[in-house]
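So this one's query.cif, mmCIF, C-alpha atoms:
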data_data
loop_
_atom_site.label_atom_id
_atom_site.label_comp_id
_atom_site.auth_asym_id
_atom_site.auth_seq_id
_atom_site.Cartn_x
_atom_site.Cartn_y
_atom_site.Cartn_z
CA MET A 1112 101.18 -56.71 -38.54
CA TYR A 1113 103.81 -55.29 -40.86
CA TYR A 1114 104.06 -54.68 -44.58
CA ILE A 1115 107.36 -54.26 -46.42
CA GLU A 1116 107.27 -52.25 -49.62
CA GLU A 1117 110.06 -52.52 -52.15
CA THR A 1118 111.09 -49.56 -54.31
CA ASP A 1119 113.94 -49.30 -56.80
CA ASP A 1120 116.40 -48.19 -54.11
CA GLU A 1121 115.09 -49.29 -50.72
CA LEU A 1122 112.79 -51.37 -48.57
CA ILE A 1123 110.22 -49.54 -46.44
CA LYS A 1124 108.62 -51.16 -43.42
CA TYR A 1125 105.09 -50.14 -42.39
CA GLU A 1126 102.92 -51.01 -39.44
CA VAL A 1127 99.49 -51.99 -40.75
CA GLU A 1128 96.16 -51.27 -39.13
CA ILE A 1129 92.90 -52.34 -40.73
CA ASN A 1130 89.31 -51.40 -40.04
CA GLU A 1131 88.16 -55.00 -39.79
CA GLU A 1132 84.48 -54.21 -39.30
CA ASN A 1133 84.25 -52.07 -42.44
CA LEU A 1134 86.36 -54.51 -44.42
CA ILE A 1135 84.07 -57.42 -43.57
CA GLU A 1136 81.05 -55.33 -44.54
CA LEU A 1137 82.64 -54.40 -47.87
CA ARG A 1138 83.56 -58.02 -48.49
CA GLU A 1139 79.89 -59.02 -48.24
CA LYS A 1140 78.83 -56.21 -50.56
CA ILE A 1141 81.39 -57.23 -53.18
CA ILE A 1142 80.29 -60.87 -53.01
CA ASN A 1143 76.62 -59.95 -53.32
CA ASN A 1144 76.93 -57.24 -55.96
CA CYS A 1145 80.00 -58.12 -58.04
CA SER A 1146 80.18 -61.92 -58.16
CA ASN A 1147 79.47 -63.90 -61.29
CA ILE A 1148 76.26 -65.82 -60.49
CA ILE A 1149 75.73 -69.31 -61.88
CA HIS A 1150 72.59 -71.36 -61.33
CA HIS A 1151 73.02 -75.07 -60.54
CA ARG A 1152 70.37 -77.76 -60.89
CA TYR A 1153 70.83 -81.42 -59.93
CA GLN A 1154 68.69 -84.52 -59.56
CA TYR A 1155 69.16 -87.02 -56.73
CA GLU A 1156 67.26 -90.00 -55.41
CA SER A 1157 67.54 -88.55 -51.91
CA GLU A 1158 68.19 -85.09 -50.52
CA LEU A 1159 70.86 -86.71 -48.33
CA ASP A 1160 72.84 -87.70 -51.44
CA PHE A 1161 73.67 -84.06 -52.13
CA ASN A 1162 76.67 -82.44 -50.46
CA MET A 1163 77.19 -78.74 -51.00
CA PRO A 1164 80.79 -78.18 -52.19
CA LYS A 1165 82.92 -76.65 -49.45
CA GLY A 1166 84.06 -73.05 -49.61
CA ILE A 1167 81.52 -71.77 -52.11
CA TYR A 1168 79.14 -68.84 -51.68
CA PHE A 1169 75.55 -69.67 -52.53
CA LYS A 1170 72.01 -68.36 -52.22
CA ASN A 1171 68.48 -69.43 -53.07
CA TYR A 1172 69.01 -73.08 -52.17
CA HIS A 1173 65.90 -75.21 -52.41
CA SER A 1174 64.89 -78.78 -53.15
CA ARG A 1175 61.66 -80.32 -54.35
CA LYS A 1176 60.40 -83.81 -54.86
CA ILE A 1177 59.39 -84.76 -58.38
CA GLU A 1178 55.73 -85.74 -58.32
CA GLU A 1179 56.00 -88.88 -60.43
CA PRO A 1180 58.95 -91.07 -59.38
CA LYS A 1181 61.05 -92.34 -62.24
CA ASP A 1182 61.50 -96.13 -62.25
CA TYR A 1183 59.71 -96.28 -58.88
CA PHE A 1184 62.47 -94.31 -57.14
CA GLU A 1185 61.85 -90.96 -55.52
CA THR A 1186 63.71 -88.15 -57.23
CA TYR A 1187 64.60 -84.74 -55.85
CA VAL A 1188 65.59 -81.65 -57.77
CA ILE A 1189 68.11 -79.49 -55.91
CA GLU A 1190 68.86 -75.96 -57.08
CA TYR A 1191 70.98 -73.06 -55.89
CA ASP A 1192 72.79 -69.97 -57.17
CA GLU A 1193 76.57 -69.99 -56.80
CA TYR A 1194 78.27 -66.62 -56.30
CA MET A 1195 81.78 -66.67 -57.74
CA PRO A 1196 83.63 -63.75 -56.11
CA THR A 1197 86.18 -61.53 -57.79
CA PRO A 1198 89.89 -61.65 -56.83
CA LEU A 1199 89.32 -58.54 -54.71
CA VAL A 1200 87.42 -60.72 -52.21
CA ASN A 1201 90.35 -63.16 -52.06
CA TYR A 1202 92.74 -60.29 -51.34
CA ILE A 1203 90.49 -59.06 -48.53
CA ASP A 1204 90.46 -62.59 -47.06
CA TYR A 1205 94.26 -62.66 -47.04
CA LEU A 1206 94.32 -59.30 -45.27
CA LEU A 1207 91.75 -60.37 -42.67
CA ASN A 1208 93.87 -63.46 -42.01
CA GLY A 1209 96.91 -61.32 -41.23
CA TYR A 1210 98.86 -61.60 -44.50
CA ALA A 1211 99.93 -57.98 -44.93
CA GLN A 1212 102.06 -58.49 -48.07
CA ILE A 1213 98.83 -58.84 -50.07
CA ILE A 1214 98.73 -55.04 -49.90
CA SER A 1215 101.23 -54.92 -52.78
CA LEU A 1216 98.66 -56.68 -54.99
CA LEU A 1217 95.84 -54.53 -53.69
CA LYS A 1218 97.76 -51.38 -54.61
CA ASP A 1219 98.14 -52.62 -58.18
CA TYR A 1220 94.65 -54.09 -58.47
CA SER A 1221 93.46 -53.50 -62.01
CA LEU A 1222 91.46 -56.60 -62.93
CA SER A 1223 88.20 -54.65 -62.95
CA CYS A 1224 85.89 -57.66 -62.93
CA ASN A 1225 82.47 -57.20 -64.47
CA PRO A 1226 80.26 -60.35 -64.46
CA ILE A 1227 78.07 -59.33 -67.39
CA LEU A 1228 81.17 -58.81 -69.57
CA LEU A 1229 82.31 -62.34 -68.72
CA VAL A 1230 78.93 -63.65 -69.86
CA LYS A 1231 79.13 -61.67 -73.10
CA GLN A 1232 82.61 -63.03 -73.81
CA ARG A 1233 81.41 -66.62 -73.43
CA GLU A 1234 78.40 -65.80 -75.60
CA ILE A 1235 80.69 -64.61 -78.40
CA GLU A 1236 82.78 -67.79 -78.13
CA LEU A 1237 79.72 -70.06 -78.19
CA LYS A 1238 78.19 -68.29 -81.18
CA ALA A 1239 81.49 -68.66 -83.03
CA THR A 1240 81.44 -72.40 -82.29
CA LEU A 1241 77.87 -72.69 -83.57
CA ARG A 1242 78.77 -70.84 -86.77
CA ARG A 1243 81.67 -73.21 -87.39
CA CYS A 1244 79.38 -76.20 -86.90
CA LEU A 1245 76.71 -74.86 -89.24
CA THR A 1246 79.13 -74.01 -92.04
CA GLU A 1247 80.42 -77.57 -92.18
CA PRO A 1248 79.08 -79.90 -94.88
CA LEU A 1249 76.05 -81.78 -93.57
CA GLU A 1250 77.86 -85.11 -93.39
CA LYS A 1251 80.63 -83.57 -91.24
CA ILE A 1252 78.42 -81.83 -88.69
CA GLU A 1253 78.91 -83.30 -85.22
CA ILE A 1254 75.34 -83.42 -83.96
CA GLN A 1255 76.31 -84.06 -80.34
CA ALA A 1256 78.70 -81.09 -80.28
CA LEU A 1257 75.98 -78.95 -81.84
CA LYS A 1258 73.47 -80.01 -79.18
CA GLU A 1259 75.96 -79.26 -76.41
CA SER A 1260 76.63 -75.79 -77.80
CA ILE A 1261 72.90 -75.05 -78.01
CA ASN A 1262 72.40 -76.25 -74.42
CA SER A 1263 75.32 -74.10 -73.28
CA LEU A 1264 73.80 -71.10 -75.03
CA GLU A 1265 70.52 -71.73 -73.23
CA ALA A 1266 72.33 -71.86 -69.88
CA LEU A 1267 74.14 -68.66 -70.79
CA LYS A 1268 70.82 -66.88 -71.35
CA GLU A 1269 69.85 -67.84 -67.81
CA GLU A 1270 73.23 -66.68 -66.49
CA ARG A 1271 72.88 -63.32 -68.23
CA GLU A 1272 69.52 -62.77 -66.55
CA LEU A 1273 71.00 -63.65 -63.14
CA ASN A 1274 73.88 -61.21 -63.61
CA LYS A 1275 72.06 -58.28 -65.20
CA ASN A 1276 72.23 -56.18 -62.02
CA GLN A 1277 75.77 -57.13 -60.99
CA VAL A 1278 78.34 -54.34 -61.01
CA ASN A 1279 82.07 -53.84 -61.48
CA ASP A 1280 84.07 -54.44 -58.28
CA LYS A 1281 86.06 -51.28 -58.99
CA ILE A 1282 83.32 -49.20 -57.36
CA TYR A 1283 84.36 -50.63 -53.97
CA TYR A 1284 88.12 -50.42 -54.45
CA ASP A 1285 88.66 -46.98 -52.87
CA ASP A 1286 86.56 -47.92 -49.86
CA VAL A 1287 88.63 -51.08 -49.38
CA MET A 1288 91.88 -49.10 -49.45
CA LYS A 1289 90.48 -46.61 -46.91
CA CYS A 1290 90.21 -49.51 -44.46
CA ILE A 1291 94.01 -49.87 -44.49
CA THR A 1292 96.29 -47.50 -42.55
CA LEU A 1293 100.05 -47.68 -43.12
CA THR A 1294 102.48 -46.06 -40.67
CA GLU A 1295 106.14 -46.05 -41.65
CA VAL A 1296 108.41 -47.48 -38.96
CA ASP A 1297 111.71 -47.95 -40.78
CA ARG A 1298 113.46 -47.97 -44.13
CA MET A 1299 116.74 -49.32 -45.46
CA ASP A 1300 118.52 -48.76 -48.75
CA LYS A 1301 119.29 -51.79 -50.87
CA ASP A 1302 123.04 -51.17 -50.93
CA THR A 1303 123.13 -51.54 -47.15
CA ILE A 1304 121.04 -54.71 -47.35
CA ARG A 1305 123.42 -56.18 -49.94
CA ARG A 1306 126.44 -55.34 -47.78
CA VAL A 1307 124.84 -57.05 -44.77
CA GLU A 1308 124.00 -60.12 -46.85
CA GLU A 1309 127.55 -60.26 -48.22
CA PHE A 1310 128.94 -59.82 -44.72
CA GLN A 1311 126.83 -62.65 -43.37
CA GLY A 1312 127.79 -64.85 -46.28
CA THR A 1313 131.51 -64.19 -45.71
CA SER A 1314 131.20 -64.88 -41.99
CA TYR A 1315 129.35 -68.11 -42.67
CA THR A 1316 131.99 -69.20 -45.19
CA LYS A 1317 134.91 -68.52 -42.82
CA LYS A 1318 133.13 -70.25 -39.96
CA ASN A 1319 132.68 -73.41 -41.97
CA LYS A 1320 136.17 -73.65 -43.54
#

Please go through the file and, once you have read it, give me the structure as structure tokens.
Amino acid sequence: MYYIEETDDELIKYEVEINEENLIELREKIINNCSNIIHHRYQYESELDFNMPKGIYFKNYHSRKIEEPKDYFETYVIEYDEYMPTPLVNYIDYLLNGYAQIISLLKDYSLSCNPILLVKQREIELKATLRRCLTEPLEKIEIQALKESINSLEALKEERELNKNQVNDKIYYDDVMKCITLTEVDRMDKDTIRRVEEFQGTSYTKKNK
């Protein structure tokens, strides 16, 4: 496959070779070690009622039957951990699927995703919401909104525990780039490209007069 890089003055064409085996291995490491992990818990009357959403990464799936059926119906609790990968994984997927132009985004990759920082940011936002609720006059406090914020904070505590050992995806960036080999095959200055485009446009115009 080929990758075309644009500079201020020219376009450069490269032949692209990737170390697919190493790239796939790195992809798995990034998913396992850098994803934001969220725990999901659902209740269903039958295990067959649950359909795992397509395209997600998950671990620790299990289901259990609640001992005492509610309203005489059997109830199952289904739980799993969803791994939400960083954009770096998406870029690797594009590359593995033959889309070489994603290299331009890989070269400029600077998102530096850290799951625990995402959790801390949401924690700050939730605490701010709680403070606003609690400073309202008693008659204006929205009890339901307050309950939802407290429940969200509880879920966030669980999420922080799940993500405490996750790391920044930047530690794998150099290894990802080492899997990509670019060999220059041609280059063309932009003035020449513009002249060719103008020439083709003129020819097309004359042909259709």

Exercise: Ala1266 of chain A partners within 10 Å, all atoms listed in the file, chain neighbours under 5 positions left out, as number ranges by chain: A: 1149-1151, 1260-1261, 1271

How many Å separate atom CA of Asn1143 of chain A from atom CA of Gln1277 of chain A?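 Separation of atom CA of Asn1143 of chain A and atom CA of Gln1277 of chain A: 8.2 Å.
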
Would you pick out the contacts of Leu1137 of chain A at 9 Å or less, using all atoms listed in the file, so that residues sharing its chain but fewer than 6 positions from it are not included, and give the list as a PyMOL selection string? chain A and resi 1283+1286-1287

Which value, in Å to one decimal, gives the distance between atom CA of Tyr1191 of chain A and atom CA of Ile1141 of chain A?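 Atom CA of Ile1141 of chain A lies at a distance of 19.1 Å from atom CA of Tyr1191 of chain A.
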
Nearby residues (all atoms listed in the file) at most 9 Å from segment 1212-1215 of chain A, same-chain spacing under 4 positions excluded, as a list in words: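 Final neighbour list, sorted by chain and number: Tyr1113, Tyr1114, Ile1115, Glu1116, Tyr1202, Ile1203, Tyr1205, Leu1206, Asp1219, Tyr1220 and Ile1291 of chain A.
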
Do you know which residues the PyMOL selection byres ((chain A and resi 1155) around 6) returns on this file, as a PyMOL selection string? chain A and resi 1154+1156-1157+1186-1187

Take the PyMOL selection byres ((chain A and resi 1272) around 12), apply it to the structure above, and return the hits as a list in words.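 When the PyMOL selection byres ((chain A and resi 1272) around 12) is applied, the selected residues are Asn1147, Ile1148, Ile1149, His1150, Pro1226, Ile1227, Val1230, Lys1231, Glu1265, Ala1266, Leu1267, Lys1268, Glu1269, Glu1270, Arg1271, Leu1273, Asn1274, Lys1275, Asn1276 and Gln1277 of chain A.
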
Choose the residue, out of A:Leu1264, A:Ile1123, A:Cys1290, A:Val1188, that has the smallest atom-to-atom separation from Ile1235 of chain A; count all atoms listed in the file.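 Nearest candidate to Ile1235 of chain A out of A:Leu1264, A:Ile1123, A:Cys1290, A:Val1188: A:Leu1264.
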
Tell me which of A:Ala1239, A:Thr1246, A:Asn1201, A:Gly1209 sits closest to Val1127 of chain A, counting only C-alpha atoms. A:Gly1209

Which distance in Å separates atom CA of Gln1311 of chain A and atom CA of Leu1122 of chain A, to one decimal?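 Computing the Euclidean distance for atom CA of Gln1311 of chain A and atom CA of Leu1122 of chain A yields 18.7 Å.
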
Which residues are close to Lys1289 of chain A, i.e. within 12 Å by only C-alpha atoms, leaving aside same-chain residues fewer than 2 positions away? Reply as a list in words.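 Surrounding residues, per the criterion: Glu1128, Ile1129, Asn1130, Glu1131, Asn1133, Leu1134, Leu1137, Leu1217, Lys1218, Tyr1283, Tyr1284, Asp1285, Asp1286, Val1287, Ile1291, Thr1292 and Leu1293 of chain A.
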
Matched chain/residue IDs from the PyMOL selection byres ((chain A and resi 1301) around 7), as number ranges by chain: A: 1120-1122, 1299-1300, 1302-1305

Best match for closeness to Lys1170 of chain A among A:Glu1126, A:Asp1280, A:Asp1192, A:Glu1117, counting only C-alpha atoms: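 Among the listed residues, A:Asp1192 lies closest to Lys1170 of chain A.
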
Serialized segment 1127-1157 of chain A w/ N, CA, C and O atoms as a compact mmCIF listing (two decimals), in the first residue's frame:
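So the final result, stored in out21.txt, reads:
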# COMPACT_ATOMS: atom_id res chain seq x y z
N VAL A 1127 4.42 1.56 1.76
CA VAL A 1127 4.27 1.27 3.19
C VAL A 1127 4.36 -0.23 3.43
O VAL A 1127 3.68 -1.03 2.78
N GLU A 1128 5.20 -0.60 4.37
CA GLU A 1128 5.25 -1.97 4.86
C GLU A 1128 5.00 -1.95 6.36
O GLU A 1128 5.52 -1.09 7.06
N ILE A 1129 4.19 -2.87 6.84
CA ILE A 1129 3.92 -2.93 8.27
C ILE A 1129 4.27 -4.31 8.81
O ILE A 1129 4.14 -5.32 8.11
N ASN A 1130 4.73 -4.32 10.05
CA ASN A 1130 4.97 -5.59 10.75
C ASN A 1130 3.64 -5.96 11.40
O ASN A 1130 3.36 -5.57 12.54
N GLU A 1131 2.83 -6.69 10.66
CA GLU A 1131 1.46 -6.97 11.10
C GLU A 1131 1.42 -7.76 12.40
O GLU A 1131 0.60 -7.47 13.29
N GLU A 1132 2.32 -8.72 12.54
CA GLU A 1132 2.32 -9.56 13.75
C GLU A 1132 2.57 -8.72 15.00
O GLU A 1132 1.86 -8.83 16.00
N ASN A 1133 3.59 -7.86 14.94
CA ASN A 1133 3.89 -7.01 16.10
C ASN A 1133 2.80 -5.98 16.36
O ASN A 1133 2.49 -5.65 17.51
N LEU A 1134 2.20 -5.49 15.28
CA LEU A 1134 1.15 -4.48 15.41
C LEU A 1134 -0.08 -5.07 16.10
O LEU A 1134 -0.70 -4.42 16.96
N ILE A 1135 -0.43 -6.29 15.73
CA ILE A 1135 -1.57 -6.96 16.36
C ILE A 1135 -1.29 -7.21 17.84
O ILE A 1135 -2.17 -7.03 18.70
N GLU A 1136 -0.06 -7.59 18.14
CA GLU A 1136 0.32 -7.83 19.54
C GLU A 1136 0.25 -6.53 20.36
O GLU A 1136 -0.26 -6.52 21.49
N LEU A 1137 0.73 -5.44 19.77
CA LEU A 1137 0.68 -4.15 20.46
C LEU A 1137 -0.76 -3.69 20.65
O LEU A 1137 -1.12 -3.12 21.69
N ARG A 1138 -1.58 -3.95 19.65
CA ARG A 1138 -3.00 -3.58 19.74
C ARG A 1138 -3.64 -4.22 20.96
O ARG A 1138 -4.38 -3.56 21.70
N GLU A 1139 -3.37 -5.50 21.17
CA GLU A 1139 -3.94 -6.20 22.32
C GLU A 1139 -3.42 -5.62 23.64
O GLU A 1139 -4.18 -5.47 24.61
N LYS A 1140 -2.14 -5.29 23.67
CA LYS A 1140 -1.57 -4.71 24.90
C LYS A 1140 -2.21 -3.36 25.22
O LYS A 1140 -2.51 -3.07 26.38
N ILE A 1141 -2.43 -2.55 24.19
CA ILE A 1141 -3.02 -1.23 24.41
C ILE A 1141 -4.46 -1.37 24.90
O ILE A 1141 -4.90 -0.65 25.80
N ILE A 1142 -5.20 -2.31 24.32
CA ILE A 1142 -6.58 -2.53 24.76
C ILE A 1142 -6.60 -2.97 26.23
O ILE A 1142 -7.37 -2.46 27.05
N ASN A 1143 -5.73 -3.92 26.56
CA ASN A 1143 -5.73 -4.47 27.92
C ASN A 1143 -5.22 -3.48 28.96
O ASN A 1143 -5.74 -3.42 30.08
N ASN A 1144 -4.21 -2.70 28.60
CA ASN A 1144 -3.51 -1.89 29.60
C ASN A 1144 -3.84 -0.41 29.59
O ASN A 1144 -3.50 0.30 30.54
N CYS A 1145 -4.50 0.07 28.52
CA CYS A 1145 -4.73 1.51 28.40
C CYS A 1145 -6.20 1.89 28.26
O CYS A 1145 -6.53 3.08 28.30
N SER A 1146 -7.07 0.91 28.09
CA SER A 1146 -8.49 1.22 27.92
C SER A 1146 -9.10 1.75 29.21
O SER A 1146 -8.63 1.44 30.31
N ASN A 1147 -10.16 2.53 29.05
CA ASN A 1147 -10.97 2.91 30.20
C ASN A 1147 -11.95 1.76 30.46
O ASN A 1147 -12.70 1.37 29.57
N ILE A 1148 -11.92 1.21 31.67
CA ILE A 1148 -12.73 0.03 31.99
C ILE A 1148 -13.99 0.46 32.74
O ILE A 1148 -13.92 1.19 33.73
N ILE A 1149 -15.13 0.00 32.25
CA ILE A 1149 -16.41 0.31 32.89
C ILE A 1149 -17.14 -1.00 33.18
O ILE A 1149 -17.27 -1.85 32.30
N HIS A 1150 -17.61 -1.14 34.40
CA HIS A 1150 -18.34 -2.36 34.78
C HIS A 1150 -19.83 -2.18 34.47
O HIS A 1150 -20.41 -1.14 34.76
N HIS A 1151 -20.43 -3.21 33.88
CA HIS A 1151 -21.86 -3.18 33.56
C HIS A 1151 -22.57 -4.28 34.33
O HIS A 1151 -22.05 -5.39 34.47
N ARG A 1152 -23.76 -3.96 34.80
CA ARG A 1152 -24.57 -4.93 35.55
C ARG A 1152 -26.03 -4.78 35.12
O ARG A 1152 -26.59 -3.69 35.17
N TYR A 1153 -26.63 -5.89 34.68
CA TYR A 1153 -28.01 -5.86 34.21
C TYR A 1153 -28.80 -7.00 34.83
O TYR A 1153 -28.23 -8.02 35.23
N GLN A 1154 -30.12 -6.83 34.86
CA GLN A 1154 -31.01 -7.90 35.31
C GLN A 1154 -31.96 -8.28 34.18
O GLN A 1154 -32.53 -7.40 33.52
N TYR A 1155 -32.10 -9.59 33.97
CA TYR A 1155 -32.99 -10.10 32.93
C TYR A 1155 -33.75 -11.30 33.47
O TYR A 1155 -33.29 -11.99 34.39
N GLU A 1156 -34.91 -11.55 32.86
CA GLU A 1156 -35.70 -12.71 33.27
C GLU A 1156 -35.15 -13.99 32.67
O GLU A 1156 -35.48 -15.08 33.11
N SER A 1157 -34.32 -13.86 31.66
CA SER A 1157 -33.68 -15.02 31.05
C SER A 1157 -32.32 -14.61 30.53
O SER A 1157 -32.14 -13.48 30.05
